[in-house]
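What follows is entry-v3.pdb (PDB, C-alpha atoms, pLDDT in the B column).
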```
ATOM      1  CA  SER C  29      57.478 -44.324  35.072  1.00 42.00           C
ATOM      2  CA  ALA C  30      58.506 -40.818  34.037  1.00 42.00           C
ATOM      3  CA  ARG C  31      54.896 -39.825  33.332  1.00 41.00           C
ATOM      4  CA  VAL C  32      53.761 -40.736  36.871  1.00 40.00           C
ATOM      5  CA  SER C  33      56.793 -39.014  38.417  1.00 37.00           C
ATOM      6  CA  ARG C  34      56.133 -35.763  36.535  1.00 40.00           C
ATOM      7  CA  ARG C  35      52.484 -35.842  37.506  1.00 39.00           C
ATOM      8  CA  HIS C  36      53.409 -36.524  41.136  1.00 35.00           C
ATOM      9  CA  ALA C  37      56.022 -33.743  41.098  1.00 35.00           C
ATOM     10  CA  SER C  38      53.468 -31.336  39.660  1.00 38.00           C
ATOM     11  CA  HIS C  39      50.989 -32.323  42.385  1.00 37.00           C
ATOM     12  CA  VAL C  40      53.623 -31.881  45.138  1.00 35.00           C
ATOM     13  CA  THR C  41      54.630 -28.475  43.711  1.00 40.00           C
ATOM     14  CA  SER C  42      50.974 -27.460  43.611  1.00 49.00           C
ATOM     15  CA  GLU C  43      50.505 -28.606  47.233  1.00 51.00           C
ATOM     16  CA  ARG C  44      53.541 -26.592  48.337  1.00 52.00           C
ATOM     17  CA  ALA C  45      52.208 -23.514  46.540  1.00 55.00           C
ATOM     18  CA  HIS C  46      48.874 -23.864  48.346  1.00 57.00           C
ATOM     19  CA  ASP C  47      50.685 -24.421  51.681  1.00 62.00           C
ATOM     20  CA  ASN C  48      52.562 -21.158  51.101  1.00 84.00           C
ATOM     21  CA  VAL C  49      49.296 -19.352  50.330  1.00 83.00           C
ATOM     22  CA  LEU C  50      47.751 -20.739  53.513  1.00 87.00           C
ATOM     23  CA  GLN C  51      50.495 -19.056  55.555  1.00 90.00           C
ATOM     24  CA  MET C  52      49.983 -15.664  53.890  1.00 89.00           C
ATOM     25  CA  THR C  53      47.695 -13.045  55.392  1.00 89.00           C
ATOM     26  CA  LEU C  54      44.426 -11.816  53.934  1.00 89.00           C
ATOM     27  CA  GLY C  55      46.053  -8.404  53.501  1.00 85.00           C
ATOM     28  CA  ASP C  56      49.060  -9.852  51.648  1.00 85.00           C
ATOM     29  CA  LEU C  57      46.812 -11.693  49.213  1.00 84.00           C
ATOM     30  CA  GLY C  58      44.273  -8.917  48.758  1.00 82.00           C
ATOM     31  CA  ILE C  59      41.390 -11.351  49.224  1.00 80.00           C
ATOM     32  CA  VAL C  60      39.286  -8.646  50.883  1.00 79.00           C
ATOM     33  CA  SER C  61      38.993  -5.705  48.524  1.00 71.00           C
ATOM     34  CA  ASN C  62      39.757  -2.139  49.500  1.00 65.00           C
ATOM     35  CA  SER C  63      36.547  -0.868  47.956  1.00 69.00           C
ATOM     36  CA  THR C  64      33.819   0.755  50.023  1.00 80.00           C
ATOM     37  CA  VAL C  65      32.004  -1.754  52.197  1.00 86.00           C
ATOM     38  CA  ILE C  66      28.284  -1.941  51.526  1.00 91.00           C
ATOM     39  CA  SER C  67      26.553  -1.703  54.902  1.00 93.00           C
ATOM     40  CA  VAL C  68      23.418  -0.548  56.699  1.00 95.00           C
ATOM     41  CA  THR C  69      22.964   1.539  59.822  1.00 94.00           C
ATOM     42  CA  ASP C  70      21.426   0.080  62.944  1.00 92.00           C
ATOM     43  CA  SER C  71      18.332   2.296  62.575  1.00 93.00           C
ATOM     44  CA  GLN C  72      17.464   1.172  59.014  1.00 96.00           C
ATOM     45  CA  ARG C  73      14.549  -1.210  58.604  1.00 96.00           C
ATOM     46  CA  ALA C  74      15.307  -4.897  58.109  1.00 94.00           C
ATOM     47  CA  ILE C  75      13.316  -4.942  54.863  1.00 94.00           C
ATOM     48  CA  ASP C  76      15.595  -2.223  53.473  1.00 96.00           C
ATOM     49  CA  ALA C  77      18.668  -4.293  54.358  1.00 96.00           C
ATOM     50  CA  PHE C  78      17.273  -7.303  52.506  1.00 94.00           C
ATOM     51  CA  LEU C  79      16.304  -5.188  49.488  1.00 96.00           C
ATOM     52  CA  LEU C  80      19.847  -3.787  49.404  1.00 96.00           C
ATOM     53  CA  MET C  81      21.270  -7.325  49.543  1.00 94.00           C
ATOM     54  CA  ALA C  82      19.059  -8.331  46.628  1.00 94.00           C
ATOM     55  CA  SER C  83      19.990  -5.294  44.542  1.00 96.00           C
ATOM     56  CA  LYS C  84      23.732  -5.779  45.170  1.00 92.00           C
ATOM     57  CA  ARG C  85      23.532  -9.581  44.843  1.00 91.00           C
ATOM     58  CA  ILE C  86      25.186 -10.167  48.201  1.00 88.00           C
ATOM     59  CA  SER C  87      24.141 -12.447  51.056  1.00 87.00           C
ATOM     60  CA  ALA C  88      25.113 -10.372  54.098  1.00 89.00           C
ATOM     61  CA  LEU C  89      25.610  -6.803  55.275  1.00 91.00           C
ATOM     62  CA  PRO C  90      27.525  -5.329  58.184  1.00 91.00           C
ATOM     63  CA  ILE C  91      25.381  -3.230  60.504  1.00 92.00           C
ATOM     64  CA  LEU C  92      27.044  -0.032  61.722  1.00 90.00           C
ATOM     65  CA  ASP C  93      26.023   2.310  64.541  1.00 88.00           C
ATOM     66  CA  GLU C  94      25.850   6.105  64.195  1.00 89.00           C
ATOM     67  CA  ASP C  95      29.620   6.322  64.847  1.00 88.00           C
ATOM     68  CA  GLY C  96      30.407   3.850  62.056  1.00 85.00           C
ATOM     69  CA  GLU C  97      31.307   1.077  64.510  1.00 86.00           C
ATOM     70  CA  LEU C  98      30.344  -2.501  63.699  1.00 87.00           C
ATOM     71  CA  VAL C  99      27.309  -3.745  65.622  1.00 86.00           C
ATOM     72  CA  SER C 100      26.546  -7.030  63.858  1.00 87.00           C
ATOM     73  CA  VAL C 101      25.904  -8.634  60.488  1.00 89.00           C
ATOM     74  CA  ILE C 102      22.553  -9.394  58.909  1.00 90.00           C
ATOM     75  CA  SER C 103      22.332 -12.166  56.338  1.00 87.00           C
ATOM     76  CA  ILE C 104      19.880 -13.838  54.051  1.00 85.00           C
ATOM     77  CA  ARG C 105      19.649 -16.635  56.642  1.00 82.00           C
ATOM     78  CA  ASP C 106      17.984 -14.148  58.995  1.00 83.00           C
ATOM     79  CA  LEU C 107      15.282 -13.566  56.386  1.00 82.00           C
ATOM     80  CA  LYS C 108      14.755 -17.311  56.023  1.00 78.00           C
ATOM     81  CA  ALA C 109      14.400 -17.634  59.802  1.00 73.00           C
ATOM     82  CA  ALA C 110      11.799 -14.847  59.886  1.00 73.00           C
ATOM     83  CA  SER C 111       9.898 -16.443  57.030  1.00 74.00           C
ATOM     84  CA  GLU C 112       9.926 -19.893  58.637  1.00 69.00           C
ATOM     85  CA  ALA C 113       8.759 -18.421  61.955  1.00 66.00           C
ATOM     86  CA  GLY C 114       5.900 -16.657  60.177  1.00 70.00           C
ATOM     87  CA  SER C 115       7.042 -13.310  61.537  1.00 71.00           C
ATOM     88  CA  LEU C 116       7.347 -11.243  58.375  1.00 74.00           C
ATOM     89  CA  GLU C 117       5.976  -8.133  60.129  1.00 82.00           C
ATOM     90  CA  THR C 118       9.317  -7.979  61.960  1.00 85.00           C
ATOM     91  CA  LEU C 119      10.842  -6.869  58.639  1.00 89.00           C
ATOM     92  CA  LEU C 120       9.489  -3.385  59.382  1.00 91.00           C
ATOM     93  CA  LEU C 121      11.599  -3.115  62.559  1.00 90.00           C
ATOM     94  CA  PRO C 122      15.001  -1.447  62.729  1.00 93.00           C
ATOM     95  CA  VAL C 123      17.598  -3.972  61.692  1.00 92.00           C
ATOM     96  CA  VAL C 124      19.109  -4.404  65.194  1.00 88.00           C
ATOM     97  CA  GLU C 125      15.680  -5.082  66.709  1.00 87.00           C
ATOM     98  CA  PHE C 126      14.978  -7.554  63.916  1.00 87.00           C
ATOM     99  CA  ILE C 127      18.269  -9.359  64.607  1.00 84.00           C
ATOM    100  CA  ALA C 128      17.626  -9.448  68.357  1.00 81.00           C
ATOM    101  CA  LEU C 129      14.180 -10.983  67.802  1.00 78.00           C
ATOM    102  CA  GLU C 130      15.278 -13.472  65.171  1.00 70.00           C
ATOM    103  CA  ARG C 131      18.241 -14.649  67.223  1.00 69.00           C
ATOM    104  CA  ARG C 132      16.587 -14.589  70.646  1.00 65.00           C
ATOM    105  CA  HIS C 133      16.750 -18.362  70.925  1.00 48.00           C
ATOM    106  CA  ALA C 134      20.430 -18.562  70.067  1.00 51.00           C
ATOM    107  CA  LYS C 135      22.677 -19.465  72.975  1.00 45.00           C
ATOM    108  CA  THR C 136      25.081 -16.565  72.727  1.00 46.00           C
ATOM    109  CA  LYS C 137      26.748 -14.121  75.094  1.00 44.00           C
ATOM    110  CA  THR C 138      25.898 -11.079  72.998  1.00 53.00           C
ATOM    111  CA  MET C 139      22.657  -9.854  71.528  1.00 55.00           C
ATOM    112  CA  TYR C 140      24.195  -9.210  68.106  1.00 60.00           C
ATOM    113  CA  PRO C 141      26.899 -11.843  67.592  1.00 68.00           C
ATOM    114  CA  TYR C 142      29.314 -11.917  64.693  1.00 80.00           C
ATOM    115  CA  ILE C 143      32.615 -13.650  64.066  1.00 85.00           C
ATOM    116  CA  SER C 144      35.579 -11.567  62.971  1.00 87.00           C
ATOM    117  CA  CYS C 145      39.230 -11.748  62.042  1.00 90.00           C
ATOM    118  CA  LYS C 146      41.880  -9.197  61.151  1.00 90.00           C
ATOM    119  CA  GLU C 147      43.445  -8.586  57.762  1.00 90.00           C
ATOM    120  CA  THR C 148      46.667  -9.819  59.394  1.00 91.00           C
ATOM    121  CA  SER C 149      45.125 -13.301  59.902  1.00 92.00           C
ATOM    122  CA  THR C 150      46.562 -16.094  57.789  1.00 92.00           C
ATOM    123  CA  VAL C 151      44.356 -17.840  55.257  1.00 91.00           C
ATOM    124  CA  GLU C 152      44.840 -21.078  57.203  1.00 92.00           C
ATOM    125  CA  ASN C 153      43.625 -19.493  60.450  1.00 92.00           C
ATOM    126  CA  VAL C 154      40.616 -17.989  58.689  1.00 92.00           C
ATOM    127  CA  ILE C 155      39.659 -21.361  57.202  1.00 91.00           C
ATOM    128  CA  LYS C 156      40.039 -23.028  60.613  1.00 92.00           C
ATOM    129  CA  ARG C 157      37.946 -20.314  62.256  1.00 90.00           C
ATOM    130  CA  LEU C 158      35.174 -20.661  59.662  1.00 88.00           C
ATOM    131  CA  GLU C 159      35.150 -24.422  60.208  1.00 89.00           C
ATOM    132  CA  ALA C 160      35.252 -24.229  64.013  1.00 89.00           C
ATOM    133  CA  THR C 161      32.432 -21.686  64.249  1.00 84.00           C
ATOM    134  CA  ARG C 162      30.397 -23.170  61.395  1.00 84.00           C
ATOM    135  CA  VAL C 163      29.671 -19.732  59.974  1.00 83.00           C
ATOM    136  CA  HIS C 164      29.678 -18.863  56.278  1.00 84.00           C
ATOM    137  CA  ARG C 165      31.399 -15.504  56.570  1.00 86.00           C
ATOM    138  CA  LEU C 166      33.690 -13.468  58.770  1.00 87.00           C
ATOM    139  CA  VAL C 167      33.874  -9.748  59.316  1.00 88.00           C
ATOM    140  CA  VAL C 168      37.407  -8.631  58.436  1.00 90.00           C
ATOM    141  CA  LYS C 169      38.870  -5.755  60.400  1.00 88.00           C
ATOM    142  CA  HIS C 170      41.913  -3.569  59.789  1.00 85.00           C
ATOM    143  CA  ALA C 171      44.766  -4.040  62.255  1.00 80.00           C
ATOM    144  CA  GLU C 172      43.340  -1.030  64.176  1.00 82.00           C
ATOM    145  CA  GLY C 173      39.981  -2.797  64.511  1.00 80.00           C
ATOM    146  CA  HIS C 174      37.929  -0.838  61.962  1.00 83.00           C
ATOM    147  CA  LEU C 175      35.732  -2.638  59.429  1.00 87.00           C
ATOM    148  CA  LYS C 176      37.524  -3.629  56.224  1.00 89.00           C
ATOM    149  CA  GLY C 177      34.985  -5.983  54.683  1.00 87.00           C
ATOM    150  CA  VAL C 178      33.178  -9.290  54.825  1.00 87.00           C
ATOM    151  CA  LEU C 179      34.819 -12.529  53.690  1.00 88.00           C
ATOM    152  CA  SER C 180      32.724 -15.583  52.830  1.00 86.00           C
ATOM    153  CA  VAL C 181      33.608 -19.210  52.283  1.00 87.00           C
ATOM    154  CA  GLU C 182      32.715 -18.622  48.629  1.00 87.00           C
ATOM    155  CA  ASP C 183      35.257 -15.769  48.425  1.00 86.00           C
ATOM    156  CA  ILE C 184      38.031 -18.072  49.633  1.00 87.00           C
ATOM    157  CA  ILE C 185      37.055 -20.869  47.252  1.00 88.00           C
ATOM    158  CA  SER C 186      36.867 -18.395  44.348  1.00 86.00           C
ATOM    159  CA  PHE C 187      40.321 -17.071  45.224  1.00 85.00           C
ATOM    160  CA  PHE C 188      41.822 -20.572  45.062  1.00 83.00           C
ATOM    161  CA  VAL C 189      39.994 -21.390  41.820  1.00 86.00           C
ATOM    162  CA  ARG C 190      41.182 -18.152  40.147  1.00 84.00           C
ATOM    163  CA  ASN C 191      44.759 -18.654  41.335  1.00 79.00           C
ATOM    164  CA  SER C 192      45.185 -22.387  40.799  1.00 75.00           C
ATOM    165  CA  PRO C 193      48.015 -23.467  38.472  1.00 69.00           C
TER     166      PRO C 193
END
```
Encoding of this model in structure tokens:
Amino acid sequence: SARVSRRHASHVTSERAHDNVLQMTLGDLGIVSNSTVISVTDSQRAIDAFLLMASKRISALPILDEDGELVSVISIRDLKAASEAGSLETLLLPVVEFIALERRHAKTKTMYPYISCKETSTVENVIKRLEATRVHRLVVKHAEGHLKGVLSVEDIISFFVRNSP
């Protein structure tokens, strides 16, 4: 019937629109804002990083060294791990020491692992990377490699919800 055909056509058009969005880059879509990135330095205490997350209502923070280079990311999951391990005194350590202790059992090649992408990455590649690595957020870097922001699964979902037909 005509009603089913129109509904199907609308669905197909909507699918094509989403396929086009998937091939666009993060930079093209402006998913990662150009505002100042909230971060902590590697010498700040872990407790201060978690207090900052709470005050800004965010779940993760990039950790930068004294030159402004990305070292790692600390997230609310790290606090949960410390709490479950009964090691709350580690919250008084510098954030990089806290991360190293909390992640010491992780099988990783680096002491402070994080997953990143560039603003030139397509939305589809970012989604695939999030799924493959089973992380909840990626560090987004400018084409030159400098920190641009942090992109979470929730940010991507919100983008699609806000921009759905």
I'd like the contact shell of C:Arg85 - 12 Å cut-off, all atoms listed in the file, skipping same-chain residues fewer than 6 positions apart - returned as a list in words.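 The residues satisfying every condition are Ile66, Ala77, Phe78, Leu79, Ser103 and Ile104 of chain C.
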Could you state which residues are captured by the PyMOL selection byres ((chain C and resi 152-162) around 12) in this file, as a PDB file with C-alpha atoms, in the coordinates of the input?
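New file selection-v4.pdb:
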```pdb
ATOM      1  CA  HIS C  46      48.874 -23.864  48.346  1.00 57.00           C
ATOM      2  CA  ASP C  47      50.685 -24.421  51.681  1.00 62.00           C
ATOM      3  CA  ASN C  48      52.562 -21.158  51.101  1.00 84.00           C
ATOM      4  CA  VAL C  49      49.296 -19.352  50.330  1.00 83.00           C
ATOM      5  CA  LEU C  50      47.751 -20.739  53.513  1.00 87.00           C
ATOM      6  CA  GLN C  51      50.495 -19.056  55.555  1.00 90.00           C
ATOM      7  CA  MET C  52      49.983 -15.664  53.890  1.00 89.00           C
ATOM      8  CA  THR C  53      47.695 -13.045  55.392  1.00 89.00           C
ATOM      9  CA  LEU C  54      44.426 -11.816  53.934  1.00 89.00           C
ATOM     10  CA  ILE C  59      41.390 -11.351  49.224  1.00 80.00           C
ATOM     11  CA  PRO C 141      26.899 -11.843  67.592  1.00 68.00           C
ATOM     12  CA  TYR C 142      29.314 -11.917  64.693  1.00 80.00           C
ATOM     13  CA  ILE C 143      32.615 -13.650  64.066  1.00 85.00           C
ATOM     14  CA  SER C 144      35.579 -11.567  62.971  1.00 87.00           C
ATOM     15  CA  CYS C 145      39.230 -11.748  62.042  1.00 90.00           C
ATOM     16  CA  LYS C 146      41.880  -9.197  61.151  1.00 90.00           C
ATOM     17  CA  GLU C 147      43.445  -8.586  57.762  1.00 90.00           C
ATOM     18  CA  THR C 148      46.667  -9.819  59.394  1.00 91.00           C
ATOM     19  CA  SER C 149      45.125 -13.301  59.902  1.00 92.00           C
ATOM     20  CA  THR C 150      46.562 -16.094  57.789  1.00 92.00           C
ATOM     21  CA  VAL C 151      44.356 -17.840  55.257  1.00 91.00           C
ATOM     22  CA  VAL C 163      29.671 -19.732  59.974  1.00 83.00           C
ATOM     23  CA  HIS C 164      29.678 -18.863  56.278  1.00 84.00           C
ATOM     24  CA  ARG C 165      31.399 -15.504  56.570  1.00 86.00           C
ATOM     25  CA  LEU C 166      33.690 -13.468  58.770  1.00 87.00           C
ATOM     26  CA  VAL C 167      33.874  -9.748  59.316  1.00 88.00           C
ATOM     27  CA  VAL C 168      37.407  -8.631  58.436  1.00 90.00           C
ATOM     28  CA  LEU C 179      34.819 -12.529  53.690  1.00 88.00           C
ATOM     29  CA  SER C 180      32.724 -15.583  52.830  1.00 86.00           C
ATOM     30  CA  VAL C 181      33.608 -19.210  52.283  1.00 87.00           C
ATOM     31  CA  GLU C 182      32.715 -18.622  48.629  1.00 87.00           C
ATOM     32  CA  ASP C 183      35.257 -15.769  48.425  1.00 86.00           C
ATOM     33  CA  ILE C 184      38.031 -18.072  49.633  1.00 87.00           C
ATOM     34  CA  ILE C 185      37.055 -20.869  47.252  1.00 88.00           C
TER      35      ILE C 185
END
```
I'd like the box whose edges run along x, y and z of the file and which contains every listed atom of stretch 50-69 of chain C, padded by 3 Å per side; could you state its centre and edge lengths in Å, one decimal, as JSON?
```
{"center_x": 36.7, "center_y": -9.6, "center_z": 53.9, "size_x": 33.5, "size_y": 28.3, "size_z": 17.9}
```
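Taking all atoms listed in the file into account, C:Ile102 lies nearest to C:Ser87 out of the set C:Ser192, C:Ser186, C:Ser87, C:Ser71.
Relative to atom CA of C:Ile91, atom CA of C:Ser67 is found at 5.9 Å.
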To one decimal place in Å, what is the distance between atom CA of C:His170 and atom CA of C:Ala88?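 Spanning atom CA of C:His170 to atom CA of C:Ala88 is a straight-line distance of 19.0 Å.
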Which neighbours of C:Asp70 fall inside 6 Å, counting all atoms listed in the file, when residues of the same chain fewer than 3 positions from it are skipped, and could you give them as an NGL selection string? :C and (91-93 or 123-124)
If you keep C-alpha atoms, can you produce a file of those selected residues as a PDB file, in the coordinates of the input?
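The file below, out-v8.pdb, is the result:
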```pdb
ATOM      1  CA  ILE C  91      25.381  -3.230  60.504  1.00 92.00           C
ATOM      2  CA  LEU C  92      27.044  -0.032  61.722  1.00 90.00           C
ATOM      3  CA  ASP C  93      26.023   2.310  64.541  1.00 88.00           C
ATOM      4  CA  VAL C 123      17.598  -3.972  61.692  1.00 92.00           C
ATOM      5  CA  VAL C 124      19.109  -4.404  65.194  1.00 88.00           C
TER       6      VAL C 124
END
```
Would you mind listing what lies within 12 Å of C:Gly96 as a list in words, with only C-alpha atoms counted and same-chain residues fewer than 2 positions away left out?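 Here the answer would be Val65, Ser67, Val68, Thr69, Asp70, Pro90, Ile91, Leu92, Asp93, Glu94, Leu98, Val99, Ser100, Gly173, His174, Leu175 and Lys176 of chain C.
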How would stretch 153-168 of chain C read, as a short mmCIF file (atom, residue, chain, number, x, y, z; two decimals), in the frame of the given file, once N, CA, C and O atoms are built in?
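Final file, rebuild-v4.cif:
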```
data_model
loop_
_atom_site.label_atom_id
_atom_site.label_comp_id
_atom_site.auth_asym_id
_atom_site.auth_seq_id
_atom_site.Cartn_x
_atom_site.Cartn_y
_atom_site.Cartn_z
N ASN C 153 44.37 -19.80 59.23
CA ASN C 153 43.62 -19.49 60.45
C ASN C 153 42.18 -19.10 60.16
O ASN C 153 41.28 -19.47 60.90
N VAL C 154 41.97 -18.38 59.07
CA VAL C 154 40.62 -17.99 58.69
C VAL C 154 39.80 -19.23 58.34
O VAL C 154 38.65 -19.37 58.78
N ILE C 155 40.37 -20.13 57.57
CA ILE C 155 39.66 -21.36 57.20
C ILE C 155 39.33 -22.17 58.45
O ILE C 155 38.20 -22.67 58.61
N LYS C 156 40.27 -22.29 59.36
CA LYS C 156 40.04 -23.03 60.61
C LYS C 156 38.94 -22.35 61.45
O LYS C 156 38.10 -23.03 62.03
N ARG C 157 38.96 -21.04 61.48
CA ARG C 157 37.95 -20.31 62.26
C ARG C 157 36.55 -20.51 61.65
O ARG C 157 35.57 -20.69 62.36
N LEU C 158 36.46 -20.43 60.33
CA LEU C 158 35.17 -20.66 59.66
C LEU C 158 34.66 -22.06 59.98
O LEU C 158 33.47 -22.25 60.27
N GLU C 159 35.54 -23.04 59.93
CA GLU C 159 35.15 -24.42 60.21
C GLU C 159 34.74 -24.60 61.67
O GLU C 159 33.72 -25.21 61.97
N ALA C 160 35.52 -24.06 62.58
CA ALA C 160 35.25 -24.23 64.01
C ALA C 160 33.95 -23.56 64.44
O ALA C 160 33.23 -24.09 65.30
N THR C 161 33.64 -22.42 63.86
CA THR C 161 32.43 -21.69 64.25
C THR C 161 31.22 -22.05 63.40
O THR C 161 30.11 -21.64 63.71
N ARG C 162 31.46 -22.76 62.32
CA ARG C 162 30.40 -23.17 61.40
C ARG C 162 29.60 -22.00 60.85
O ARG C 162 28.38 -22.08 60.66
N VAL C 163 30.30 -20.88 60.62
CA VAL C 163 29.67 -19.73 59.97
C VAL C 163 30.09 -19.71 58.51
O VAL C 163 31.04 -20.38 58.12
N HIS C 164 29.39 -18.94 57.71
CA HIS C 164 29.68 -18.86 56.28
C HIS C 164 30.49 -17.64 55.90
O HIS C 164 30.96 -17.52 54.79
N ARG C 165 30.65 -16.73 56.87
CA ARG C 165 31.40 -15.50 56.57
C ARG C 165 31.98 -14.93 57.85
O ARG C 165 31.46 -15.17 58.94
N LEU C 166 33.04 -14.17 57.67
CA LEU C 166 33.69 -13.47 58.77
C LEU C 166 33.74 -11.98 58.45
O LEU C 166 33.90 -11.61 57.29
N VAL C 167 33.64 -11.17 59.46
CA VAL C 167 33.87 -9.75 59.32
C VAL C 167 35.39 -9.57 59.40
O VAL C 167 36.02 -10.09 60.32
N VAL C 168 35.96 -8.87 58.44
CA VAL C 168 37.41 -8.63 58.44
C VAL C 168 37.64 -7.20 58.89
O VAL C 168 37.01 -6.27 58.40
#
```
